[in-house]
Amino acid sequence: MTGVALRRPAGPRFEPTRWAAWAFSALAAGTLLAMAVLFAVQSLPAWRHEGLGYLTGTTWFYRGELFGALPMIYGTVVVAAIALVLATPVALGAALFTGEFLGGRRRLWIKIPVELLAGVPSVVYGLLGLLLLREWIYRLLEPWDPLSGDTLLTGGVLLAVMILPTVMTLADDALRGVPASQRKAARGLGLTATEVAWRVSLPAARPGLVAAILLGLGRALGETIAVFLVIGRQDNRWPEPLWSLAPVTGAGQTLTTKLGGSETWIAYGDPLHWGAMVGLAVILLALVLSLSLAGGSLALAGRKGA
Amino acid sequence: MAEALRSPAPATTVPATSRPVILCRALGVSAGRRPVLRGIDLEVPPRGVLGILGPSGAGKSTLLKCLNRLVDLEPELVVQGRVDFHGAPVYGAGVDPDRLRERIGILFQQPAVFPRSIYQNAIFGVRHLGRAPRRRWRQIAETALRRVHLWAEVRDRLDRPAAELSVGQQQRLCLARTLALEPEVVLMDEPTSALDPRATAAIEELIAELSARRAVVLVTHDEDQARRVCDRIARLRLGDRGGELAEVVPNPRPRRREEQGG
Amino acid sequence: MRRAVDRLFRLGAALCAVGSIAALAVIVTAIARRGAPALGWRLLAPSGDPESVLYQLLGTLILIATALAVALPAATALALLQTVYLAGARARRRLALCLYALNGVPSILFGIFGLIVFVKLLGWGKSWLAGGLLLAMMIVPTLTVAIAERIDALPRKYLAAAAGLGLPRGRVVWSVILPHSVVGMISGSLLGLGRAAGETAPILFTAAVFSGVRLPDGIRESPVLALPYHIFVLAQDSFDPAAGSRLWGAAAVLLLLTLAASLLALPGRLAAREEARHG
């Protein structure tokens, strides 16, 4: 965003429009701040009760006042990682196709469906996950004798499709920010289109591409409803031994699915239990905000250089 | 002769014959229904500078880009007629346009340096086309930079970003990048129009030096520049159906200095 | 060899693109095949019919309208701040970062936030207003970017001309910039609408119920029915065959609504983006 240069009025004059702009913006920023503060304060009882064990504990049993968030963090990370690993190559490939190889208006033939894909509500993804994906995953896992198709893997695969448009659109933007003159110069030296993509465009667009992946990851970490429907929502799934993949091919729980479940209603009256629930929100917010800020500053830096 | 385009280019072997290195017959280009160029018959001798002059819109740049098939990058442009490089059709089946572009280099109006160091820019083509082993890159970079008279100015800051150079220096760096690949022909699309008079003079001097050993095709809108540096001048005019070739005339000019280095 | 690699790589990229489109095709056909038999006027039957999603649709429209009414002025203000009123590139950068941050906040966290603030602290219980406000917060970044992109694409000569007439800045904003950004407001609103209509997580605890109400008649304890929530609840008993056709009909309506919004938003959005690159 380059901004519009307009002459400021001479002298300190009251400008209602400007004042209103500031007020609304303060409101928006204030909301975000209020959310962070509120979450932090309300989660205090849990931190006091569990200490760092809140982050490292592997058991969550609220009747016994045991609150260990690690299995949920594990579930969140695993699901998002699967999504990222599956979605990134496809998204970058598609972005290369539209941003690098397809010229002119023809790229819209790809861009429009992808924008539409981004507009599909997550509950619809969840529904199709329930209906189709769960079956496919169940059959895929059949040799290992799964209990059902509700697994972290299912959640990850579903999320991969959901973040694909995010990563692809941002990556396409980044690639299109690379000046055409550089591509032409490299082609003039005799590099093939593929070589130009690898040697010129991808390196030049790198900040924007990393931003695309980080922001996609942020979306994956925070998605609730679709994952909720296919993940089985089983507490306390922790890999024993650590490299065991059993929790991945079985049901599990993520930070978001825990928060979206009925335990949120149960917890509200009890400060400790509620604190533990809101603590999950704090963890999630911290994870996602750091990703958005890192991704955002990279995207902005990339755009400035373009 | 089509084989010539498929095999790796031999280093700096300009045929001794005086047969034209590039030859256009009835070359025409159209953008959709709109004609851009038509009926161009043109010969590029193996040495010397061929200038292409003409009013804007007459298709000078397009003509240039037809010679190394850079027109392929603009899908709306359709090329008809015939272009031969060493007697083999450039638009024939089985021709690798990328190989062709290695041997027919091009310099654009605006210098397009990559966002990397001066050194990396100089060896960009050699490195990524796998033309020479890593141990020879330094030498190649130095030779190329010396040839464009840039070595003395940049030898102490080869690892600085190329974008820090002045526009004139950037243009010479782009020329060095192309020359490092030892092209047989260098196409230049108004290479001095973004430059100040001093930088322009430097490029013109380089053109004169280069043309002692290879063909240079120079598109320019500057009549005086054409008189100063060209051996022959082709004039385009705007016809009813796109740019046409009006005439090709010899242009006697002061004897040039021999190319240095390389 | 190089040519073969080039061809293969470009083919691979094309396949990735085709794969992304195929994903959309699978989604749309899967929903359409099962939802089409249910589609019909019965879905909009006024009362009594268990297949009807009339009140779910109306509830969703109430939520969207509230969200847009709140988000549009806020987003316009933010876009003006971003493009006109913030003086330095640094301040603009900070605001842009804030928008990235807000855009990244997971929707479930808005739900929890709303539960704490509106449902409990303010004592509204489940209320359409809470849902609308939360959805508004979620779509503000989308709207802001759409409007700011449009303002950025504004030809500089208009601004110079307006300033040359001696118009003060506030007047230029109202007479030149805002009228020009109407396209951005519309396409941004449509995008926001598409997103808000499909969101379930923010209204889960704050605004939506599955049955027992029709239209809200106040603020406190006045929840709404909503399409995504309806689908969400039915999906969880999807083993119940009776739920089946109600489920797919509702899903088809929701998908139709959101895709239509995205499609309508496209022309204005693409125009702004392409212009911004070339202008």
# chains A, B, ... in the order shown; residues from 1 in each chain; ligands from 1
>>> interface_residues(of="chain B", to="chain A", cutoff="9 Å", atoms="only C-alpha atoms", output="ChimeraX atom specification")
/B:68,70,73-75,97-108,110-115,124-125,128-129,174,177-178,181
>>> select_by_dssp(residues="segment 197-242 of chain B", states="alpha helix (DSSP H)", output="MDAnalysis selection string")
chainID B and resid 197:210 223:229
>>> write_last_selection(atoms="C-alpha atoms", output="short mmCIF file (atom, residue, chain, number, x, y, z; two decimals), in the first residue's frame")
data_model
loop_
_atom_site.label_atom_id
_atom_site.label_comp_id
_atom_site.auth_asym_id
_atom_site.auth_seq_id
_atom_site.Cartn_x
_atom_site.Cartn_y
_atom_site.Cartn_z
CA PRO B 197 25.46 11.72 -22.38
CA ARG B 198 28.63 10.41 -20.72
CA ALA B 199 27.22 6.94 -20.14
CA THR B 200 25.88 7.02 -23.68
CA ALA B 201 29.32 7.76 -25.05
CA ALA B 202 30.74 4.83 -23.07
CA ILE B 203 28.18 2.44 -24.53
CA GLU B 204 28.71 3.74 -28.04
CA GLU B 205 32.42 3.15 -27.69
CA LEU B 206 31.71 -0.39 -26.54
CA ILE B 207 29.44 -1.00 -29.50
CA ALA B 208 32.21 0.03 -31.85
CA GLU B 209 34.68 -2.30 -30.13
CA LEU B 210 32.29 -5.23 -30.04
CA GLU B 223 19.63 9.71 -36.03
CA ASP B 224 22.97 11.10 -34.84
CA GLN B 225 23.74 8.01 -32.84
CA ALA B 226 23.06 5.86 -35.88
CA ARG B 227 25.44 7.99 -37.95
CA ARG B 228 28.11 7.77 -35.27
CA VAL B 229 28.16 4.02 -34.67
#
>>> residues_around(residues="segment 76-88 of chain A", least_positions_apart="6", cutoff="8 Å", atoms="only C-alpha atoms", output="tab-separated table (two decimals) with C-alpha atoms, in the first residue's frame")
chain	number	residue	atom	x	y	z
A	152	LEU	CA	-5.40	-36.31	13.17
A	153	LEU	CA	-4.38	-37.34	9.67
A	155	GLY	CA	-7.92	-33.29	10.00
A	156	GLY	CA	-4.57	-32.50	8.43
A	157	VAL	CA	-5.59	-33.57	4.94
A	158	LEU	CA	-8.82	-31.57	5.18
A	159	LEU	CA	-6.92	-28.52	6.39
A	160	ALA	CA	-4.50	-28.87	3.51
A	161	VAL	CA	-7.32	-28.23	1.04
A	163	ILE	CA	-5.28	-23.46	3.34
A	164	LEU	CA	-4.38	-24.16	-0.28
A	167	VAL	CA	-1.01	-19.95	0.32
A	213	ILE	CA	3.47	-20.22	4.05
A	216	GLY	CA	-1.25	-20.36	5.70
A	217	LEU	CA	0.17	-22.09	8.76
A	220	ALA	CA	-4.26	-24.03	9.79
A	221	LEU	CA	-3.51	-23.63	13.49
A	248	VAL	CA	-1.59	-39.42	14.24
A	253	GLN	CA	-7.73	-33.23	20.06
A	254	THR	CA	-6.43	-29.82	19.08
A	255	LEU	CA	-6.51	-26.52	20.95
A	256	THR	CA	-9.37	-25.30	18.80
>>> interface_residues(of="chain C", to="chain B", cutoff="12 Å", atoms="only C-alpha atoms", output="tab-separated table (two decimals) with N, CA and C atoms, in the first residue's frame")
chain	number	residue	atom	x	y	z
C	1	MET	N	17.82	-32.10	-22.81
C	1	MET	CA	17.73	-32.38	-21.38
C	1	MET	C	17.11	-31.20	-20.63
C	2	ARG	N	17.70	-30.00	-20.83
C	2	ARG	CA	17.15	-28.82	-20.17
C	2	ARG	C	15.72	-28.59	-20.61
C	3	ARG	N	15.50	-28.84	-21.89
C	3	ARG	CA	14.15	-28.62	-22.42
C	3	ARG	C	13.17	-29.59	-21.79
C	4	ALA	N	13.63	-30.84	-21.65
C	4	ALA	CA	12.74	-31.86	-21.07
C	4	ALA	C	12.40	-31.47	-19.63
C	6	ASP	N	12.39	-28.54	-18.38
C	6	ASP	CA	11.51	-27.37	-18.45
C	6	ASP	C	10.06	-27.79	-18.69
>>> residues_around(residues="Val90 of chain A", least_positions_apart="4", cutoff="9 Å", atoms="only C-alpha atoms", output="PDB file with N, CA and C atoms, in the first residue's frame")
ATOM      1  N   LEU A  86       1.363 -30.997   2.881  1.00  0.00           N
ATOM      2  CA  LEU A  86       0.588 -31.382   1.703  1.00  0.00           C
ATOM      3  C   LEU A  86       0.244 -30.174   0.834  1.00  0.00           C
ATOM      4  N   ALA A  94       0.916 -24.306  -8.221  1.00  0.00           N
ATOM      5  CA  ALA A  94      -0.183 -23.598  -8.874  1.00  0.00           C
ATOM      6  C   ALA A  94       0.132 -22.115  -9.004  1.00  0.00           C
ATOM      7  N   ALA A  95       0.786 -21.552  -7.976  1.00  0.00           N
ATOM      8  CA  ALA A  95       1.142 -20.130  -8.037  1.00  0.00           C
ATOM      9  C   ALA A  95       2.170 -19.885  -9.129  1.00  0.00           C
ATOM     10  N   LEU A 164      -4.952 -24.242   1.072  1.00  0.00           N
ATOM     11  CA  LEU A 164      -4.384 -24.158  -0.278  1.00  0.00           C
ATOM     12  C   LEU A 164      -4.644 -22.794  -0.946  1.00  0.00           C
ATOM     13  N   MET A 168      -1.726 -20.180  -1.990  1.00  0.00           N
ATOM     14  CA  MET A 168      -1.558 -19.979  -3.423  1.00  0.00           C
ATOM     15  C   MET A 168      -1.750 -18.517  -3.818  1.00  0.00           C
TER      16      MET A 168
ATOM     17  N   ALA C  13       3.573 -27.894 -12.675  1.00  0.00           N
ATOM     18  CA  ALA C  13       2.911 -26.698 -12.148  1.00  0.00           C
ATOM     19  C   ALA C  13       1.467 -26.632 -12.632  1.00  0.00           C
ATOM     20  N   LEU C  15      -0.388 -29.114 -13.426  1.00  0.00           N
ATOM     21  CA  LEU C  15      -1.158 -30.126 -12.720  1.00  0.00           C
ATOM     22  C   LEU C  15      -1.567 -29.643 -11.331  1.00  0.00           C
ATOM     23  N   CYS C  16      -0.659 -28.940 -10.660  1.00  0.00           N
ATOM     24  CA  CYS C  16      -0.988 -28.380  -9.342  1.00  0.00           C
ATOM     25  C   CYS C  16      -2.196 -27.451  -9.470  1.00  0.00           C
ATOM     26  N   ALA C  17      -2.150 -26.606 -10.507  1.00  0.00           N
ATOM     27  CA  ALA C  17      -3.247 -25.660 -10.697  1.00  0.00           C
ATOM     28  C   ALA C  17      -4.547 -26.404 -10.980  1.00  0.00           C
ATOM     29  N   GLY C  19      -5.233 -29.391 -10.145  1.00  0.00           N
ATOM     30  CA  GLY C  19      -5.635 -30.070  -8.916  1.00  0.00           C
ATOM     31  C   GLY C  19      -6.427 -29.156  -7.999  1.00  0.00           C
ATOM     32  N   SER C  20      -5.990 -27.889  -7.889  1.00  0.00           N
ATOM     33  CA  SER C  20      -6.711 -26.954  -7.022  1.00  0.00           C
ATOM     34  C   SER C  20      -8.126 -26.746  -7.535  1.00  0.00           C
TER      35      SER C  20
END
>>> residues_around(residues="segment 244-260 of chain C", least_positions_apart="5", cutoff="8 Å", atoms="only C-alpha atoms", output="NGL selection string")
(:A and (116 or 119-121 or 124)) or (:C and (31-32 or 34-39 or 43 or 50-53 or 193-195 or 197-198 or 227-228 or 230-231 or 234-235 or 238))
>>> closest_residue(among="A:Ile283, A:Leu52, A:Val227, A:Leu130", to="chain C", atoms="only C-alpha atoms")
A:Leu130
>>> residues_around(residues="Val185 of chain B", least_positions_apart="6", cutoff="6 Å", atoms="only C-alpha atoms", output="ChimeraX atom specification")
/B:104,214-216
